[in-house]
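This is entry03.tsv (TSV, C-alpha atoms).
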chain	number	residue	atom	x	y	z
A	1225	VAL	CA	-0.40	14.79	-13.30
A	1226	PRO	CA	-1.79	16.78	-10.37
A	1227	SER	CA	0.54	19.56	-9.34
A	1228	LEU	CA	1.14	21.56	-6.20
A	1229	GLU	CA	2.89	24.38	-8.07
A	1230	ARG	CA	0.68	27.44	-7.64
A	1231	GLN	CA	2.27	29.20	-10.64
A	1232	PHE	CA	1.23	26.29	-12.83
A	1233	TYR	CA	-2.51	26.72	-12.38
A	1234	LYS	CA	-3.27	30.22	-11.11
A	1235	ASP	CA	-3.73	31.58	-14.64
A	1236	LYS	CA	-6.16	28.74	-15.47
A	1237	ASN	CA	-8.85	30.16	-13.14
A	1238	PRO	CA	-9.61	26.74	-11.66
A	1239	ARG	CA	-12.95	25.79	-10.14
A	1240	ILE	CA	-12.60	25.64	-6.36
A	1241	SER	CA	-13.78	22.56	-4.50
A	1242	ALA	CA	-13.37	20.98	-1.08
A	1243	VAL	CA	-13.37	17.39	0.15
A	1244	MET	CA	-13.75	15.83	3.58
A	1245	MET	CA	-11.39	13.16	4.94
A	1246	LEU	CA	-13.82	11.91	7.57
A	1247	PHE	CA	-12.68	9.58	10.34
A	1248	TYR	CA	-15.28	7.78	12.48
A	1249	PRO	CA	-15.56	4.63	14.60
A	1250	ILE	CA	-17.24	1.37	13.59
A	1251	GLY	CA	-17.17	-1.19	16.38
A	1252	GLY	CA	-14.37	0.65	18.16
A	1253	ILE	CA	-12.16	0.70	15.02
A	1254	THR	CA	-11.36	3.99	13.27
A	1255	HIS	CA	-12.43	4.15	9.61
A	1256	LEU	CA	-12.10	6.69	6.80
A	1257	ALA	CA	-15.00	7.38	4.40
A	1258	LEU	CA	-14.38	7.08	0.66
A	1259	ILE	CA	-16.98	7.02	-2.09
A	1260	LYS	CA	-17.12	5.40	-5.48
A	1261	ARG	CA	-18.68	7.91	-7.85
A	1262	ASN	CA	-21.41	6.95	-10.29
A	1263	ALA	CA	-20.53	6.48	-13.94
A	1264	TYR	CA	-21.24	9.66	-15.91
A	1265	PRO	CA	-19.75	11.47	-18.89
A	1266	GLY	CA	-16.78	13.23	-17.32
A	1267	VAL	CA	-13.19	12.80	-16.22
A	1268	HIS	CA	-13.99	11.63	-12.67
A	1269	SER	CA	-16.62	9.03	-13.66
A	1270	SER	CA	-16.58	5.88	-11.46
A	1271	GLN	CA	-13.53	7.05	-9.52
A	1272	ILE	CA	-12.97	6.53	-5.81
A	1273	SER	CA	-12.71	9.82	-3.98
A	1274	PHE	CA	-13.53	11.63	-0.79
A	1275	PRO	CA	-16.98	13.13	-0.39
A	1276	GLY	CA	-16.82	16.69	-1.63
A	1277	GLY	CA	-17.45	19.00	-4.51
A	1278	LYS	CA	-17.59	22.47	-5.94
A	1279	ALA	CA	-17.74	25.54	-3.72
A	1280	GLU	CA	-21.08	27.36	-3.92
A	1281	PRO	CA	-21.65	31.10	-3.37
A	1282	ASP	CA	-23.56	30.41	-0.12
A	1283	ASP	CA	-20.58	28.60	1.45
A	1284	LYS	CA	-18.89	30.99	3.89
A	1285	THR	CA	-15.63	28.98	3.93
A	1286	LEU	CA	-14.16	26.00	2.12
A	1287	ALA	CA	-14.64	23.99	5.32
A	1288	ASP	CA	-18.36	24.78	4.94
A	1289	THR	CA	-18.16	23.47	1.35
A	1290	ALA	CA	-16.65	20.20	2.59
A	1291	LEU	CA	-19.31	19.86	5.30
A	1292	ARG	CA	-22.19	20.64	2.91
A	1293	GLU	CA	-20.93	18.31	0.21
A	1294	THR	CA	-20.37	15.49	2.72
A	1295	PHE	CA	-23.98	15.88	3.82
A	1296	GLU	CA	-25.25	16.00	0.22
A	1297	GLU	CA	-23.25	12.96	-0.91
A	1298	ILE	CA	-23.29	10.61	2.10
A	1299	GLY	CA	-25.90	12.12	4.41
A	1300	VAL	CA	-23.67	12.96	7.39
A	1301	LEU	CA	-25.05	16.00	9.18
A	1302	PRO	CA	-22.57	18.88	9.52
A	1303	GLY	CA	-23.17	18.93	13.28
A	1304	ALA	CA	-22.05	15.28	13.52
A	1305	MET	CA	-18.55	16.15	12.27
A	1306	GLU	CA	-15.79	18.36	13.58
A	1307	VAL	CA	-13.42	19.92	11.06
A	1308	VAL	CA	-9.93	19.46	12.52
A	1309	MET	CA	-7.64	21.05	9.93
A	1310	PRO	CA	-7.05	21.75	6.24
A	1311	PHE	CA	-4.48	19.83	4.20
A	1312	SER	CA	-2.49	20.86	1.10
A	1313	GLU	CA	-4.65	22.00	-1.78
A	1314	ILE	CA	-4.13	20.11	-5.02
A	1315	TYR	CA	-4.72	21.07	-8.64
A	1316	ILE	CA	-6.30	18.56	-11.05
A	1317	PRO	CA	-5.57	19.53	-14.67
A	1318	PRO	CA	-8.08	17.27	-16.52
A	1319	SER	CA	-11.05	18.87	-14.74
A	1320	ASN	CA	-9.40	22.22	-13.86
A	1321	PHE	CA	-10.34	21.83	-10.19
A	1322	LEU	CA	-8.39	23.13	-7.22
A	1323	VAL	CA	-9.26	20.74	-4.38
A	1324	CYS	CA	-8.97	21.77	-0.73
A	1325	PRO	CA	-9.03	18.72	1.57
A	1326	PHE	CA	-10.16	18.93	5.20
A	1327	LEU	CA	-9.65	16.43	8.00
A	1328	GLY	CA	-12.87	15.75	9.89
A	1329	VAL	CA	-13.78	13.55	12.82
A	1330	ALA	CA	-17.09	12.10	13.96
A	1331	GLU	CA	-17.11	10.88	17.56
A	1332	GLU	CA	-19.76	8.25	16.76
A	1333	GLU	CA	-20.52	6.19	13.68
A	1334	PRO	CA	-22.59	8.50	11.46
A	1335	ASP	CA	-25.94	7.58	9.97
A	1336	PHE	CA	-24.72	7.32	6.39
A	1337	VAL	CA	-27.30	7.97	3.66
A	1338	PRO	CA	-25.43	7.82	0.34
A	1339	ASN	CA	-27.03	9.87	-2.46
A	1340	PRO	CA	-27.67	7.31	-5.24
A	1341	GLU	CA	-27.39	10.02	-7.91
A	1342	GLU	CA	-23.75	10.66	-6.99
A	1343	VAL	CA	-22.50	7.66	-5.01
A	1344	VAL	CA	-22.55	4.06	-6.20
A	1345	GLU	CA	-20.74	2.75	-3.09
A	1346	LEU	CA	-19.64	4.02	0.31
A	1347	ILE	CA	-16.27	2.53	1.25
A	1348	HIS	CA	-15.23	2.23	4.90
A	1349	LEU	CA	-11.41	2.11	4.92
A	1350	PRO	CA	-10.02	0.94	8.28
A	1351	LEU	CA	-7.22	3.19	9.56
A	1352	ASP	CA	-4.85	0.24	10.05
A	1353	VAL	CA	-5.30	-0.70	6.37
A	1354	LEU	CA	-4.56	2.90	5.29
A	1355	LEU	CA	-1.36	2.84	7.37
A	1356	ASP	CA	-0.21	-0.50	5.85
A	1357	ASP	CA	2.49	0.27	3.27
A	1358	GLY	CA	1.58	-2.98	1.49
A	1359	ILE	CA	-1.52	-1.38	-0.08
A	1360	VAL	CA	0.56	1.14	-2.06
A	1361	GLU	CA	1.69	-0.03	-5.49
A	1362	ASP	CA	2.23	1.16	-9.04
A	1363	VAL	CA	-0.74	0.34	-11.26
A	1364	GLU	CA	-1.19	0.80	-14.98
A	1365	MET	CA	-4.16	3.02	-15.83
A	1366	GLU	CA	-5.82	4.51	-18.85
A	1367	THR	CA	-6.71	8.11	-18.14
A	1368	SER	CA	-8.43	10.94	-19.94
A	1369	TYR	CA	-4.99	12.31	-20.83
A	1370	ALA	CA	-2.76	9.24	-21.29
A	1371	GLN	CA	-3.00	5.70	-22.60
A	1372	ARG	CA	-1.43	3.13	-20.27
A	1373	ILE	CA	0.30	5.24	-17.65
A	1374	SER	CA	1.93	3.82	-14.50
A	1375	VAL	CA	0.69	5.65	-11.41
A	1376	PRO	CA	1.15	5.14	-7.65
A	1377	ALA	CA	-2.09	3.90	-6.14
A	1378	PHE	CA	-3.68	2.50	-3.00
A	1379	ARG	CA	-5.18	-0.95	-3.60
A	1380	PHE	CA	-7.45	-2.58	-1.01
A	1381	ARG	CA	-10.05	-5.27	-1.60
A	1382	GLU	CA	-11.24	-4.67	-5.19
A	1383	HIS	CA	-10.66	-0.90	-5.02
A	1384	ILE	CA	-7.91	1.14	-6.65
A	1385	VAL	CA	-7.44	4.73	-5.49
A	1386	TRP	CA	-5.18	6.86	-7.69
A	1387	GLY	CA	-4.66	10.42	-8.89
A	1388	ALA	CA	-5.46	13.36	-6.67
A	1389	THR	CA	-7.25	11.19	-4.08
A	1390	ALA	CA	-4.15	8.98	-3.75
A	1391	MET	CA	-1.97	12.08	-3.34
A	1392	ILE	CA	-4.27	13.40	-0.59
A	1393	LEU	CA	-4.30	9.94	1.06
A	1394	SER	CA	-0.48	9.90	0.98
A	1395	GLU	CA	-0.28	13.23	2.80
A	1396	LEU	CA	-2.90	12.06	5.31
A	1397	LYS	CA	-1.02	8.79	5.91
A	1398	GLU	CA	2.34	10.56	6.41
A	1399	THR	CA	0.73	13.10	8.75
A	1400	ILE	CA	-0.76	10.31	10.88
A	1401	LYS	CA	2.47	8.29	10.93
A	1402	THR	CA	4.42	11.39	12.00
A	1403	ALA	CA	1.87	12.11	14.75
A	1404	LEU	CA	2.11	8.51	16.02
A	1405	LYS	CA	5.93	8.60	16.35
As structure tokens - that is how I would like this structure written.
Amino acid sequence: VPSLERQFYKDKNPRISAVMMLFYPIGGITHLALIKRNAYPGVHSSQISFPGGKAEPDDKTLADTALRETFEEIGVLPGAMEVVMPFSEIYIPPSNFLVCPFLGVAEEEPDFVPNPEEVVELIHLPLDVLLDDGIVEDVEMETSYAQRISVPAFRFREHIVWGATAMILSELKETIKTALK
């Protein structure tokens, strides 16, 4: 289970990564970009996640990592997005990644160019669907570390978002709901 306890993972020397929670308009309606990863040998194969990935030595900041990875994975130019703020970092034990999420906004609908080597589908999640509590449910999953485990997940259309991405989505959703009060 992903953990926010720094003591728990600091001695594991995790790989540092960053993801982008990118909001943008389509037809006047705010959407959030999610990707379905390609199938590959690895713990995050075929999962739904945010665009993002491992920090590289040339990245000056983790926000730069999120911008670069978003460009590499879905083709959105860094200049087309504004990084608004970081969210809580989250540790993912099965892959030993520490993920740093960033909230980003594009004023106009980006020209998306998904990288077919990494992305099998680009998912446009409308903000009103994200904020609907009816899409959150417990689902039974088989994971790399447990057979048949019940996990909280976001389900919309045929997609199930769970694990670290669901935890990040939960924080994002609560932050937005608090801001709208």
Closest of A:Ile1347, A:Ala1242, A:Lys1236, A:Ser1374 to Pro1317 in chain A - atom-to-atom distances counting all atoms listed in the file: A:Lys1236
Atom-to-atom span, CA of Val1300 in chain A and CA of Thr1402 in chain A, Å: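 Answer for the CA of Val1300 in chain A to CA of Thr1402 in chain A separation: 28.5 Å.
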Pairwise distance for CA of Ala1290 in chain A and CA of Ser1241 in chain A, rounded to one decimal in Å: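 Going from CA of Ala1290 in chain A over to CA of Ser1241 in chain A, I get 8.0 Å.
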Straight-line distance linking CA of Ile1384 in chain A with CA of Glu1345 in chain A, stated in Å to one decimal: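 So the two atoms, CA of Ile1384 in chain A and CA of Glu1345 in chain A, lie 13.4 Å apart.
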Shortest interatomic distance to Asn1320 in chain A - which of A:Ile1240, A:Ile1392, A:Ile1400, A:Ala1279, counting all atoms listed in the file: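 Counting all atoms listed in the file, the residue closest to Asn1320 in chain A is A:Ile1240.
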Between range 1331-1399 of chain A and range 1252-1257 of chain A, at 9 Å or less, what are the per-residue closest atom pairs and their distances in Å? Count only C-alpha atoms, order by chain and rising residue number, and return it as a Markdown table.
| residue | atom | partner | partner_atom | distance |
| --- | --- | --- | --- | --- |
| A:Leu1346 | CA | A:Ala1257 | CA | 7.0 |
| A:Ile1347 | CA | A:Ala1257 | CA | 5.9 |
| A:His1348 | CA | A:Ala1257 | CA | 5.2 |
| A:Leu1349 | CA | A:Leu1256 | CA | 5.0 |
| A:Pro1350 | CA | A:His1255 | CA | 4.2 |
| A:Leu1351 | CA | A:His1255 | CA | 5.3 |
| A:Asp1352 | CA | A:Thr1254 | CA | 8.2 |
| A:Leu1354 | CA | A:Leu1256 | CA | 8.6 |
A:Pro1340, A:Pro1302, A:Gly1328, A:Pro1238 ranked by distance to Arg1261 in chain A, top pick (using all atoms listed in the file):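 Of the candidates, the smallest distance to Arg1261 in chain A is held by A:Pro1340.
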